[in-house]
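Trainee: my_file-v1.txt is reproduced in full below (compact mmCIF, C-alpha atoms and all ligand atoms).
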# COMPACT_ATOMS: atom_id res chain seq x y z
CA MET G 93 -17.18 -30.10 -13.22
CA PHE G 94 -15.39 -28.47 -16.12
CA GLU G 95 -18.13 -28.94 -18.71
CA GLU G 96 -19.40 -26.01 -20.68
CA PRO G 97 -23.03 -25.14 -19.96
CA ALA G 98 -25.43 -26.45 -22.63
CA THR G 99 -26.62 -22.99 -23.56
CA LYS G 100 -24.59 -19.91 -22.83
CA LYS G 101 -26.60 -17.08 -21.38
CA ALA G 102 -26.04 -13.61 -22.75
CA LYS G 103 -25.44 -12.31 -19.25
CA LEU G 104 -23.40 -14.60 -17.05
CA ASP G 105 -25.17 -15.84 -13.98
CA PRO G 106 -22.68 -16.73 -11.19
CA THR G 107 -24.79 -19.70 -10.08
CA THR G 108 -24.56 -21.47 -13.46
CA MET G 109 -21.16 -20.24 -14.63
CA THR G 110 -18.30 -22.70 -14.98
CA GLU G 111 -14.97 -21.78 -13.42
CA LYS G 112 -13.67 -21.05 -16.93
CA ASP G 113 -16.49 -18.54 -17.42
CA ILE G 114 -15.88 -16.96 -14.04
CA ILE G 115 -12.18 -16.53 -14.75
CA SER G 116 -12.77 -15.03 -18.21
CA ASP G 117 -15.47 -12.79 -16.80
CA TYR G 118 -12.98 -11.40 -14.27
CA ILE G 119 -10.29 -11.00 -16.94
CA ASN G 120 -12.72 -9.05 -19.14
CA LYS G 121 -13.77 -6.84 -16.25
CA ILE G 122 -10.14 -6.09 -15.35
CA LYS G 123 -9.14 -5.38 -18.96
CA ASN G 124 -12.17 -3.13 -19.55
CA SER G 125 -11.97 -1.30 -16.23
CA LYS G 126 -11.92 2.46 -16.65
CA SER G 127 -10.81 3.38 -13.15
CA ASN G 128 -7.26 3.96 -11.99
CA LEU G 129 -5.72 1.80 -9.27
CA GLN G 130 -5.80 3.08 -5.72
CA ALA G 131 -2.83 3.11 -3.37
CA VAL G 132 -3.46 1.72 0.10
CA LEU G 133 -2.13 4.53 2.27
CA SER G 134 -1.34 4.79 5.97
CA ASP G 135 -4.19 5.73 8.31
CA GLU G 136 -2.72 9.17 8.90
CA LEU G 137 -3.12 9.85 5.17
CA SER G 138 -6.43 8.15 4.52
CA HIS G 139 -8.40 9.00 7.66
CA THR G 140 -9.76 12.40 8.62
CA ILE G 141 -7.33 14.47 10.60
CA GLU G 142 -7.24 13.82 14.38
CA THR G 143 -7.77 16.65 16.82
CA THR G 144 -6.78 17.72 20.31
CA LYS G 145 -8.12 20.48 22.57
CA VAL G 146 -6.29 23.75 23.22
CA TYR G 147 -7.04 27.02 24.95
CA ILE G 148 -7.03 30.24 22.99
CA ALA G 149 -7.64 33.88 23.95
CA SER G 150 -7.85 37.28 22.30
CA ILE G 151 -5.24 39.88 22.97
CA LYS G 152 -6.71 43.10 24.38
CA ASP G 153 -4.07 45.40 22.94
CA LYS G 154 -2.38 44.43 19.62
CA ARG G 155 0.86 46.08 20.76
CA ASN G 156 1.33 43.24 23.27
CA ILE G 157 1.32 40.48 20.62
CA SER G 158 5.08 40.04 20.18
CA LYS G 159 5.74 40.17 23.92
CA ALA G 160 2.98 37.60 24.54
CA ILE G 161 4.37 35.25 21.85
CA GLN G 162 7.89 35.52 23.25
CA VAL G 163 6.77 34.70 26.80
CA LEU G 164 4.45 31.90 25.67
CA ASN G 165 7.10 30.26 23.47
CA GLU G 166 9.56 30.38 26.32
CA LYS G 167 7.32 29.24 29.18
CA LEU G 168 4.60 27.23 27.43
CA PRO G 169 6.25 25.83 24.26
CA LEU G 170 3.91 23.96 21.89
CA ASN G 171 6.27 20.94 21.64
CA GLU G 172 4.33 18.19 19.79
CA LEU G 173 1.96 20.82 18.39
CA SER G 174 4.80 22.73 16.74
CA HIS G 175 3.00 22.42 13.36
CA LEU G 176 0.45 24.97 14.66
CA LYS G 177 0.93 28.71 14.33
CA ARG G 178 0.84 30.55 17.66
CA VAL G 179 -1.26 33.45 16.40
CA ARG G 180 -4.32 33.73 14.20
CA LYS G 181 -5.35 37.35 13.68
CA ASN G 182 -5.78 38.71 17.22
CA THR G 183 -6.17 35.29 18.77
CA ILE G 184 -3.33 33.49 20.48
CA LEU G 185 -2.93 29.80 21.11
CA LEU G 186 -2.13 29.54 24.83
CA CYS G 187 -1.55 25.86 25.53
CA GLN G 188 -2.84 22.33 25.17
CA SER G 189 -5.88 21.76 27.44
CA SER G 190 -4.32 18.64 28.96
CA THR G 191 -1.51 20.71 30.54
CA VAL G 192 -3.87 22.95 32.54
CA ASN G 193 -3.94 21.79 36.16
CA THR G 194 -5.99 24.62 37.73
CA SER G 195 -9.75 25.02 37.69
CA THR G 196 -9.75 27.68 34.96
CA ILE G 197 -7.41 28.72 32.16
CA GLU G 198 -7.39 32.28 33.50
CA GLU G 199 -5.97 31.04 36.83
CA TYR G 200 -3.42 28.91 34.99
CA ILE G 201 -2.14 31.86 32.91
CA ASP G 202 -2.04 34.12 35.98
CA SER G 203 0.00 31.59 37.94
CA LYS G 204 2.32 30.50 35.09
CA LEU G 205 2.76 33.79 33.29
CA PRO G 206 2.29 36.65 35.78
CA GLU G 207 3.94 39.00 33.27
CA LEU G 208 0.97 38.46 30.95
CA LYS G 209 -1.71 39.15 33.57
CA ASP G 210 -4.60 41.17 32.06
CA VAL G 211 -3.14 40.88 28.52
CA PHE G 212 -5.81 38.39 27.34
CA GLU G 213 -9.59 38.30 27.19
CA LEU G 214 -12.29 36.02 25.72
CA PHE G 215 -10.70 32.72 26.73
CA SER G 216 -12.09 29.62 25.02
CA GLU G 217 -11.30 26.00 24.28
CA ILE G 218 -11.19 24.72 20.68
CA ASP G 219 -10.24 21.63 18.64
CA VAL G 220 -7.06 21.82 16.58
CA PRO G 221 -5.26 19.22 14.39
CA SER G 222 -3.07 17.04 16.61
CA GLN G 223 -0.66 16.25 13.74
CA ALA G 224 0.83 18.16 10.87
CA PRO G 225 -1.23 17.83 7.66
CA LYS G 226 0.53 15.77 4.97
CA LEU G 227 -1.88 16.29 2.07
CA LYS G 228 -3.48 19.44 0.64
CA ARG G 229 -6.92 18.01 1.46
CA GLN G 230 -5.86 17.63 5.13
CA TYR G 231 -4.32 21.10 5.11
CA THR G 232 -7.63 22.64 3.98
CA GLU G 233 -9.43 20.72 6.72
CA ALA G 234 -6.85 21.73 9.32
CA MET G 235 -6.96 25.40 8.35
CA LYS G 236 -10.66 25.51 9.19
CA MET G 237 -9.66 24.77 12.78
CA TRP G 238 -6.41 26.71 13.16
CA SER G 239 -3.52 28.03 11.07
CA CYS G 240 -0.71 25.55 10.60
CA ASN G 241 2.52 24.91 8.72
CA PHE G 242 2.38 22.71 5.63
CA HIS G 243 5.03 21.40 3.24
CA PRO G 244 3.35 19.73 0.22
CA ASP G 245 4.84 16.47 -1.04
CA ILE G 246 4.23 16.19 -4.80
CA TYR G 247 4.68 12.40 -4.93
CA LEU G 248 2.36 11.80 -1.98
CA GLU G 249 -0.30 14.06 -3.51
CA LYS G 250 -0.16 12.03 -6.71
CA LEU G 251 -0.16 8.71 -4.87
CA SER G 252 -3.26 9.66 -2.91
CA GLY G 253 -5.08 10.96 -5.99
CA ASP G 254 -7.17 9.22 -8.64
CA HIS G 255 -4.74 9.51 -11.55
CA PHE G 256 -1.53 7.91 -10.29
CA PHE G 257 -0.82 5.58 -13.22
CA PRO G 258 -0.87 6.82 -16.82
CA GLU G 259 -3.12 4.77 -19.16
CA ASP G 260 -0.30 2.80 -20.87
CA GLU G 261 1.12 1.73 -17.53
CA LEU G 262 -2.35 0.86 -16.23
CA ASN G 263 -2.82 -1.48 -19.17
CA LEU G 264 0.37 -3.31 -18.19
CA HIS G 265 -0.84 -3.73 -14.59
CA ARG G 266 -4.19 -4.99 -15.83
CA THR G 267 -2.48 -7.48 -18.15
CA PHE G 268 -0.29 -8.85 -15.34
CA MET G 269 -3.34 -9.21 -13.08
CA ALA G 270 -5.18 -10.91 -15.94
CA ILE G 271 -2.26 -13.36 -16.17
CA ALA G 272 -2.73 -14.13 -12.45
CA PHE G 273 -6.38 -14.99 -13.20
CA GLU G 274 -5.51 -17.01 -16.29
CA ALA G 275 -2.96 -18.94 -14.22
CA ALA G 276 -5.60 -19.54 -11.53
CA GLY G 277 -7.89 -21.00 -14.19
CA TRP G 278 -5.11 -23.20 -15.53
CA TYR G 279 -4.31 -24.38 -12.02
CA LEU G 280 -7.94 -25.23 -11.29
CA LYS G 281 -8.28 -27.18 -14.50
CA SER G 282 -5.04 -29.10 -14.15
CA THR G 283 -4.98 -29.82 -10.41
CA VAL G 284 -8.15 -29.32 -8.46
CA LYS G 285 -10.58 -32.13 -9.15
CA GLU G 286 -13.59 -30.93 -7.23
CA ILE G 287 -14.50 -27.44 -6.19
CA THR G 288 -17.14 -26.79 -3.63
CA GLY G 289 -18.36 -23.34 -2.65
CA ASP G 290 -16.67 -20.18 -3.89
CA LEU G 291 -14.31 -20.81 -6.77
CA LEU G 292 -11.76 -18.32 -5.50
CA GLN G 293 -11.64 -20.02 -2.11
CA ALA G 294 -9.98 -22.89 -3.92
CA VAL G 295 -7.11 -20.94 -5.47
CA ASN G 296 -4.87 -17.95 -5.02
CA SER G 297 -2.24 -17.20 -7.59
CA SER G 298 0.46 -14.61 -8.10
CA VAL G 299 2.57 -13.13 -10.86
CA VAL G 300 5.97 -11.55 -10.21
CA VAL G 301 7.16 -8.99 -12.74
CA ASP G 302 10.47 -7.23 -13.33
CA PRO G 303 9.18 -3.76 -14.34
CA SER G 304 12.57 -2.70 -15.71
CA ILE G 305 12.00 -5.10 -18.64
CA ASN G 306 8.20 -5.62 -18.20
CA SER G 307 8.74 -9.35 -18.04
CA VAL G 308 6.99 -12.03 -15.98
CA VAL G 309 9.59 -13.64 -13.71
CA ALA G 310 7.40 -16.09 -11.75
CA VAL G 311 3.85 -17.43 -11.70
CA SER G 312 2.86 -19.24 -8.51
CA PHE G 313 -0.06 -20.91 -6.75
CA ASP G 314 -1.31 -21.50 -3.28
CA ASN G 315 -0.35 -24.98 -2.11
CA ARG G 316 -1.43 -24.69 1.53
CA LEU G 317 -3.60 -27.79 1.44
CA ARG G 318 -0.46 -29.85 1.01
CA HIS G 319 1.99 -27.67 2.95
CA PRO G 320 0.86 -25.18 5.64
CA VAL G 321 3.23 -22.35 4.72
CA GLN G 322 3.08 -22.71 0.94
CA HIS G 323 0.80 -19.74 0.35
CA THR G 324 1.06 -18.21 -3.10
CA ALA G 325 3.34 -15.31 -2.10
CA MET G 326 5.70 -17.73 -0.32
CA MET G 327 5.75 -19.89 -3.44
CA ALA G 328 6.36 -16.78 -5.55
CA ILE G 329 9.41 -15.80 -3.49
CA ASP G 330 10.74 -19.35 -3.84
CA ASP G 331 10.04 -19.29 -7.59
CA VAL G 332 11.96 -16.02 -7.92
CA ALA G 333 14.81 -17.62 -5.95
CA ARG G 334 14.90 -20.42 -8.57
CA THR G 335 15.67 -17.82 -11.24
CA GLN G 336 18.66 -16.80 -9.07
CA ASP G 337 20.03 -20.34 -8.71
CA GLY G 338 18.24 -20.87 -5.38
CA GLY G 339 14.83 -22.10 -4.28
CA ALA G 340 13.97 -24.60 -1.57
CA TRP G 341 10.82 -26.31 -2.81
CA THR G 342 10.52 -28.75 -5.70
CA ARG G 343 8.18 -28.24 -8.66
CA LYS G 344 6.43 -30.53 -11.12
CA THR G 345 7.91 -29.37 -14.39
CA THR G 346 10.53 -26.68 -14.57
CA CYS G 347 12.67 -25.23 -17.27
CA ASN G 348 16.42 -25.90 -17.25
CA ASP G 349 16.93 -22.36 -18.40
CA SER G 350 17.24 -20.50 -15.05
CA GLU G 351 15.69 -17.27 -16.44
CA LEU G 352 12.44 -19.20 -17.05
CA SER G 353 12.58 -21.49 -14.02
CA GLY G 354 10.08 -19.38 -12.03
CA ILE G 355 7.20 -20.61 -14.21
CA ASP G 356 5.89 -24.14 -14.73
CA MET G 357 6.82 -25.21 -18.29
CA ASP G 358 3.31 -26.33 -19.30
CA LEU G 359 1.78 -23.16 -17.87
CA LEU G 360 4.38 -21.04 -19.68
CA GLU G 361 3.35 -22.61 -22.97
CA HIS G 362 -0.31 -21.89 -22.19
CA LEU G 363 0.38 -18.26 -21.16
CA ARG G 364 2.51 -17.57 -24.25
CA ILE G 365 -0.48 -18.50 -26.42
CA LYS G 366 -2.95 -16.46 -24.34
CA PHE G 367 -0.68 -13.42 -23.92
CA PRO G 368 1.46 -13.29 -27.10
CA ASP G 369 2.59 -9.70 -26.43
CA THR G 370 3.90 -10.40 -22.93
CA LYS G 371 7.53 -11.14 -22.16
CA PHE G 372 8.42 -14.02 -19.84
CA GLY G 373 11.65 -14.69 -17.96
CA ALA G 374 14.00 -13.00 -15.50
CA LYS G 375 17.13 -11.03 -16.30
CA LYS G 376 20.19 -13.26 -16.36
CA PHE G 377 21.35 -13.86 -12.82
CA THR G 378 25.01 -13.61 -12.00
CA SER G 379 26.36 -14.74 -8.64
CA LYS G 380 28.58 -12.57 -6.47
CA GLU G 381 31.58 -14.78 -7.36
CA GLU G 382 30.90 -14.38 -11.09
CA ASN G 383 30.60 -10.63 -10.65
CA ILE G 384 33.97 -10.50 -8.90
CA GLU G 385 35.49 -12.64 -11.66
CA ASN G 386 34.06 -10.22 -14.23
CA GLY G 387 35.66 -7.34 -12.39
CA GLU G 388 32.34 -5.90 -11.12
CA LYS G 389 32.42 -4.34 -7.69
CA GLU G 390 28.75 -4.90 -6.87
CA ASN G 391 26.13 -7.54 -7.57
CA THR G 392 24.72 -6.47 -10.92
CA GLY G 393 22.10 -9.19 -11.37
CA PRO G 394 18.67 -9.31 -9.69
CA TYR G 395 18.70 -9.78 -5.92
CA LEU G 396 15.71 -11.43 -4.22
CA CYS G 397 12.61 -9.48 -5.31
CA THR G 398 14.34 -6.08 -5.24
CA ASN G 399 12.48 -3.70 -7.59
CA TYR G 400 10.01 -6.45 -8.57
CA TYR G 401 6.22 -6.10 -8.55
CA ILE G 402 3.88 -8.86 -7.40
CA TYR G 403 0.26 -9.27 -8.52
CA LEU G 404 -1.96 -11.41 -6.29
CA LEU G 405 -5.58 -12.44 -6.65
CA LYS G 406 -6.13 -11.97 -2.91
CA GLU G 407 -4.72 -9.60 -0.33
CA PRO G 408 -1.86 -11.47 1.34
CA CYS G 409 -1.90 -12.65 4.98
CA PHE G 410 0.58 -11.45 7.65
CA MET G 411 3.10 -14.21 6.97
CA CYS G 412 3.13 -13.53 3.22
CA SER G 413 3.13 -9.73 3.61
CA MET G 414 6.11 -9.95 5.95
CA ALA G 415 7.89 -12.38 3.62
CA LEU G 416 7.40 -9.88 0.78
CA ILE G 417 9.01 -7.22 2.97
CA HIS G 418 12.01 -9.50 3.62
CA ALA G 419 12.17 -10.25 -0.12
CA ARG G 420 12.39 -6.49 -0.86
CA VAL G 421 9.41 -6.34 -3.24
CA LYS G 422 8.79 -2.83 -4.59
CA ARG G 423 5.03 -2.91 -5.20
CA VAL G 424 2.20 -5.27 -4.29
CA PHE G 425 -1.00 -5.33 -6.35
CA PHE G 426 -4.02 -7.34 -5.25
CA CYS G 427 -7.55 -7.79 -6.55
CA PHE G 428 -9.71 -9.09 -3.69
CA GLU G 429 -9.59 -8.01 -0.07
CA ASN G 430 -9.11 -10.73 2.52
CA SER G 431 -11.39 -9.58 5.33
CA GLU G 432 -10.28 -12.38 7.66
CA PHE G 433 -6.48 -12.43 7.31
CA GLY G 434 -5.44 -9.56 5.00
CA ALA G 435 -2.41 -7.68 6.31
CA LEU G 436 -2.20 -4.86 3.73
CA LYS G 437 -5.65 -3.31 4.06
CA SER G 438 -8.24 -5.39 5.88
CA LYS G 439 -6.66 -6.25 9.25
CA ALA G 440 -3.53 -4.09 9.13
CA LYS G 441 -1.35 -2.05 6.80
CA LEU G 442 1.97 -3.75 7.34
CA HIS G 443 3.62 -1.73 4.58
CA THR G 444 2.99 1.48 6.55
CA VAL G 445 4.71 0.33 9.77
CA GLN G 446 7.53 2.87 10.09
CA SER G 447 9.80 0.68 12.21
CA LEU G 448 10.18 -1.97 9.50
CA ASN G 449 13.33 -1.65 7.42
CA HIS G 450 11.69 -1.95 4.00
CA HIS G 451 8.45 -0.49 2.68
CA TYR G 452 6.65 -1.44 -0.52
CA GLU G 453 3.70 0.35 -2.06
CA VAL G 454 0.33 -1.40 -2.24
CA PHE G 455 -2.32 -0.92 -4.94
CA THR G 456 -5.79 -2.33 -5.45
CA GLY G 457 -8.99 -1.44 -7.32
CA PHE G 458 -8.77 -3.69 -10.41
CA LEU G 459 -12.50 -4.37 -10.50
ZN ZN W 501 -0.32 -16.00 3.13
Any chance you could give the structure as structure tokens?
Mentor:
Amino acid sequence: MFEEPATKKAKLDPTTMTEKDIISDYINKIKNSKSNLQAVLSDELSHTIETTKVYIASIKDKRNISKAIQVLNEKLPLNELSHLKRVRKNTILLCQSSTVNTSTIEEYIDSKLPELKDVFELFSEIDVPSQAPKLKRQYTEAMKMWSCNFHPDIYLEKLSGDHFFPEDELNLHRTFMAIAFEAAGWYLKSTVKEITGDLLQAVNSSVVVDPSINSVVAVSFDNRLRHPVQHTAMMAIDDVARTQDGGAWTRKTTCNDSELSGIDMDLLEHLRIKFPDTKFGAKKFTSKEENIENGEKENTGPYLCTNYYIYLLKEPCFMCSMALIHARVKRVFFCFENSEFGALKSKAKLHTVQSLNHHYEVFTGFL
């Protein structure tokens, strides 16, 4: 299964490649990728702007504009459409179409606003943006329909663009994802005896990084064949917990040094050879009691996955994505989409659910 092919082809053919070849092929592709990573944004940022129907009309005599606006704002306020301007040149936005309960808009205005009888002409119904634009691109699109208010958010603009990470930072992300692949290869070689079908069906791995020191804190694997909830992200959270004197699940070989206890000892040795420039190990953990003894008011050591990044081969499922929210991860990076169970892009975007009490950012686009 793990034998090298007798003759290596210049161009790798997936049908004859060994798993070692496949892994190194992915690592090369990731390291040589020229494109920036893409943030997975909420639907309201990534989809085209949604619309609703409104009635508009021209004002016959310009001198009546301010009176008309005053009466309209008082008697027919725009409420949820408050992002829209009431006037565009000589045209006035009267009301949302859904509020009109008479056969024509003219009748509706006459009955609701008798003081504005005969002020308008050329009534028509148009589409307008139903929500305030959040990005410049959406603002431009919205303005084609109707004038609206817009407050640009510099960070959001950058996040939704194609140049979010500078090149030096991108190289770090690519290296950490490459480590996830290298670890997957190591796992396959050392544990899985027979692989049938797609190689990456047999393994999912993850790398947790403390970006404040650019150091790998944990490297974990999917173990769901032996334990139904031991998906790689769940294992990663448990491995991080080990570096903080916790952890619930036992491992094969672990380091006595708690800073390095999130990574299997044999794998750590292997990764140190393959990635000599990468740092491994967590910041020293100090318990609450130790902090108090040292006269510190707050917990100064790492806490769960707060401010940590996690790199996963595959988009995590709902259970793992939720667990990463509970663990307070700051950013999630994944390589392959999981069309069946993925909760951060494919089936849902759990990180964009407003009602949750923690939100991480999600990035993909390594290949
Ligand atoms: Zn999972």
Trainee: Hey, can you check how far atom CA of Ala415 of chain G sits from atom CA of Thr324 of chain G?
Mentor: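 Computing the Euclidean distance for atom CA of Ala415 of chain G and atom CA of Thr324 of chain G yields 11.2 Å.
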Trainee: Pick from G:Ser298, G:Asn120, G:Asn386, G:Thr444: nearest to ligand ZN 501 (chain W), with all atoms listed in the file counted?
Mentor: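 Ranking G:Ser298, G:Asn120, G:Asn386, G:Thr444 by distance to ligand ZN 501 (chain W), first place goes to G:Ser298.
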Trainee: Give as a PyMOL selection string the residues surrounding ligand ZN 501 (chain W) up to a distance of 6 Å, considering all atoms listed in the file.
Mentor: chain G and resi 323+408-409+411-412
Trainee: May I ask which of the residues G:Asp358, G:Glu136, G:Glu261, G:Glu199 is the closest one to Tyr279 of chain G, counting only C-alpha atoms?
Mentor: G:Asp358
Trainee: Hey, can you pull every residue with an atom no more than 7 Å from (7.4, -15.7, -11.1), using all atoms listed in the file, and send it as a list in words?
Mentor: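 Residues satisfying the cut-off, written out: Val299, Val300, Val301, Val308, Val309, Ala310, Val311, Ser312, Ala328, Asp331, Val332, Gly354 and Ile355 of chain G.
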Trainee: Need the shell around Cys427 of chain G: protein/DNA/RNA residues with any atom at most 6 Å away, counting only C-alpha atoms. Skip same-chain ones fewer than 2 positions apart. Format as number ranges by chain?
Mentor: G: 405-406, 456, 458
Trainee: Within 9 Å of (1.3, 23.5, 21.9) (file coordinates; all atoms listed in the file), which protein or nucleic acid residues are there? I'd like them as number ranges by chain.
Mentor: G: 146, 168-176, 178, 185-188
Trainee: Report, in Å to a single decimal, how far apart atom CA of Ser297 of chain G and atom CA of Trp278 of chain G are.
Mentor: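 Value for the atom CA of Trp278 of chain G-atom CA of Ser297 of chain G distance: 10.4 Å.
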Trainee: Tell me, in Å to one decimal, how far atom CA of Val132 of chain G is from atom CA of Ala333 of chain G.
Mentor: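 We find that atom CA of Val132 of chain G and atom CA of Ala333 of chain G lie 27.3 Å from each other.
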Trainee: Closest to His265 of chain G among G:Asp302, G:Glu249, G:Asp113, G:Glu233, using all atoms listed in the file?
Mentor: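 Of G:Asp302, G:Glu249, G:Asp113, G:Glu233, the one nearest His265 of chain G is G:Asp302, counting all atoms listed in the file.
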Trainee: Please determine, counting all atoms listed in the file, which residue among G:Pro303, G:Leu404, G:Ile417, G:Glu429 has the shortest atom-to-atom distance to His450 of chain G.
Mentor: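 Between G:Pro303, G:Leu404, G:Ile417, G:Glu429, the residue approaching His450 of chain G most closely is G:Ile417.
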Trainee: Which residues come within 12 Å of Thr140 of chain G, counting only C-alpha atoms, excluding same-chain residues fewer than 6 positions away, as a CSV table (one decimal) with C-alpha atoms, in the coordinates of the input?
Mentor:
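Okay, around-v4.csv is ready:
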chain,number,residue,atom,x,y,z
G,134,SER,CA,-1.3,4.8,6.0
G,221,PRO,CA,-5.3,19.2,14.4
G,222,SER,CA,-3.1,17.0,16.6
G,223,GLN,CA,-0.7,16.2,13.7
G,225,PRO,CA,-1.2,17.8,7.7
G,226,LYS,CA,0.5,15.8,5.0
G,227,LEU,CA,-1.9,16.3,2.1
G,229,ARG,CA,-6.9,18.0,1.5
G,230,GLN,CA,-5.9,17.6,5.1
G,231,TYR,CA,-4.3,21.1,5.1
G,232,THR,CA,-7.6,22.6,4.0
G,233,GLU,CA,-9.4,20.7,6.7
G,234,ALA,CA,-6.8,21.7,9.3
Trainee: Taking into account all atoms listed in the file, which residue in the set G:Trp238, G:Thr267, G:Phe273, G:Asn306 is nearest to Lys181 of chain G?
Mentor: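 Smallest separation from Lys181 of chain G among the options: G:Trp238.
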Trainee: From the list G:Ala275, G:Gln293, G:Leu396, G:Ile384, which residue is nearest Arg334 of chain G when using only C-alpha atoms?
Mentor: G:Leu396
Trainee: Please provide as a PyMOL selection string all residues within 8 Å of segment 373-379 of chain G, with the sequence filter that same-chain residues fewer than 5 positions apart are discarded (counting all atoms listed in the file).
Mentor: chain G and resi 302+307-310+335-337+350-354+391-394
Trainee: With all atoms listed in the file as the counted atoms, please give the residues lying no more than 12 Å from Val211 of chain G, apart from itself and same-chain residues fewer than 4 positions off, as a ChimeraX atom specification.
Mentor: /G:149-161,163,182-184,186,198,201-202,205-207,215
Trainee: Please provide the set of residues having any atom within 10 Å of Leu262 of chain G, restricted to all atoms listed in the file, with same-chain residues fewer than 6 positions apart removed, written as an NGL selection string.
Mentor: :G and (123 or 125-129 or 256 or 268 or 458)
Trainee: Take every atom of segment 449-454 of chain G listed in the file, fit an axis-aligned box around them, add 8 Å per side, and give the centre and edge lengths in Å to one decimal as JSON.
Mentor:
{"center_x": 6.8, "center_y": -0.8, "center_z": 2.6, "size_x": 29.0, "size_y": 18.3, "size_z": 25.7}
Trainee: Complete segment 406-418 of chain G with N, CA and C atoms (output as a tab-separated table (two decimals), in the coordinates of the input).
Mentor:
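To be explicit, this is the file written out as rebuild-v3.tsv:
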chain	number	residue	atom	x	y	z
G	406	LYS	N	-5.60	-12.39	-4.22
G	406	LYS	CA	-6.13	-11.97	-2.91
G	406	LYS	C	-5.09	-11.23	-2.09
G	407	GLU	N	-5.57	-10.33	-1.29
G	407	GLU	CA	-4.72	-9.60	-0.33
G	407	GLU	C	-3.94	-10.61	0.52
G	408	PRO	N	-2.63	-10.47	0.61
G	408	PRO	CA	-1.86	-11.47	1.34
G	408	PRO	C	-2.06	-11.42	2.87
G	409	CYS	N	-1.79	-12.56	3.51
G	409	CYS	CA	-1.90	-12.65	4.98
G	409	CYS	C	-0.65	-12.02	5.61
G	410	PHE	N	-0.57	-12.05	6.94
G	410	PHE	CA	0.58	-11.45	7.65
G	410	PHE	C	1.89	-12.13	7.30
G	411	MET	N	1.87	-13.47	7.26
G	411	MET	CA	3.10	-14.21	6.97
G	411	MET	C	3.61	-13.82	5.58
G	412	CYS	N	2.72	-13.83	4.60
G	412	CYS	CA	3.13	-13.53	3.22
G	412	CYS	C	3.55	-12.06	3.08
G	413	SER	N	2.80	-11.16	3.71
G	413	SER	CA	3.13	-9.73	3.61
G	413	SER	C	4.50	-9.45	4.19
G	414	MET	N	4.80	-10.13	5.30
G	414	MET	CA	6.11	-9.95	5.95
G	414	MET	C	7.21	-10.56	5.08
G	415	ALA	N	6.91	-11.73	4.50
G	415	ALA	CA	7.89	-12.38	3.62
G	415	ALA	C	8.20	-11.49	2.42
G	416	LEU	N	7.18	-10.78	1.93
G	416	LEU	CA	7.40	-9.88	0.78
G	416	LEU	C	8.25	-8.67	1.19
G	417	ILE	N	8.15	-8.29	2.46
G	417	ILE	CA	9.01	-7.22	2.97
G	417	ILE	C	10.46	-7.72	3.00
G	418	HIS	N	10.66	-8.92	3.57
G	418	HIS	CA	12.01	-9.50	3.62
G	418	HIS	C	12.58	-9.67	2.21
